[in-house]
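Q: Before I ask anything, here is the structure I am working with.
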Amino acid sequence: MMDWKMIKSRFQEMTPKELHENAEQARREKGRLLYEIGERHYMKLRSEGRRDEIKDILAQEVLVFGALSRIEEMEVEAAQKQCKSCRTALEPGAKFCGKCGTAVPRETDQMKVECSTCHTPQRNDQQYCTCCGSEMGQHV
Ligand SMILES: [Zn+2]
Ligand SMILES: [Zn+2]
């Protein structure tokens, strides 16, 4: 811990620009530390099943998950229209490229179960929810 005298002397010779930079850096570091504390606290609340207190954070995680899974879905859709190795247009429903034999990716893995914490669709062979990290098949 730095005391006030040390801080005073450290900043004594600095230009306003350098002082702004120092303030900004300290703010960033504070933000990082707050984030770490928040994350630990969040994990604890989550493991204790206190869903009401974390619902706003969970809502953001579901948004991230939703946007990223849409990208994944679009990539699969695009890959089903055109062979990824030779760029030949594929027949709808084709499992392999008719020209080079490359396998066509299937639908996004079967999403069969719903996470009981964040309600996103999840694969049934997973142990943990890929969105919120809750243990699957466990009612939190
Ligand atoms: Zn091909
Ligand atoms: Zn979840």
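Chain identifiers are assigned as A, B, and so on, following the order in which chains appear in the structure tokens; residues are numbered from 1 within each chain, and ligands are numbered from 1 in order of appearance.
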Near Ala89 (chain A), counting only C-alpha atoms, which residues have an atom at most 12 Å away, once you skip same-chain residues fewer than 5 positions from it, shown as a PDB file with C-alpha atoms, in the first residue's frame?
A:
```pdb
ATOM      1  CA  ALA A  78     -23.644 -21.570 -45.471  1.00  0.00           C
ATOM      2  CA  ALA A  79     -21.541 -24.740 -45.371  1.00  0.00           C
ATOM      3  CA  GLN A  80     -24.599 -26.765 -46.379  1.00  0.00           C
ATOM      4  CA  LYS A  81     -25.025 -24.711 -49.543  1.00  0.00           C
ATOM      5  CA  GLN A  82     -21.461 -24.812 -50.791  1.00  0.00           C
ATOM      6  CA  CYS A  83     -18.670 -27.369 -50.334  1.00  0.00           C
ATOM      7  CA  LYS A  84     -16.030 -25.926 -48.043  1.00  0.00           C
ATOM      8  CA  ALA A  94     -26.516 -33.624 -49.366  1.00  0.00           C
ATOM      9  CA  PHE A  96     -21.197 -35.303 -49.048  1.00  0.00           C
ATOM     10  CA  CYS A  97     -19.985 -33.068 -51.859  1.00  0.00           C
ATOM     11  CA  GLY A  98     -20.807 -34.689 -55.223  1.00  0.00           C
ATOM     12  CA  LYS A  99     -17.568 -33.439 -56.725  1.00  0.00           C
ATOM     13  CA  CYS A 100     -14.869 -34.062 -54.120  1.00  0.00           C
ATOM     14  CA  VAL A 104     -21.128 -31.642 -45.343  1.00  0.00           C
TER      15      VAL A 104
END
```
Q: Taking only C-alpha atoms and all ligand atoms into account, which residues have an atom no farther than 8 Å from ligand 2? I'd like them as a list in words.
A: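 Based on only C-alpha atoms and all ligand atoms, ligand 2 is surrounded within 8 Å by Val62, Glu114, Cys115, Ser116, Thr117, Cys118, His119, Thr120, Tyr128, Cys129, Thr130, Cys131, Cys132, Gly133, Ser134 and Met136 of chain A.
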Q: So which one's closest to ligand 1, A:Glu61, A:Asp3, A:Glu75, A:Glu91? Using only C-alpha atoms and all ligand atoms, please.
A: A:Glu91
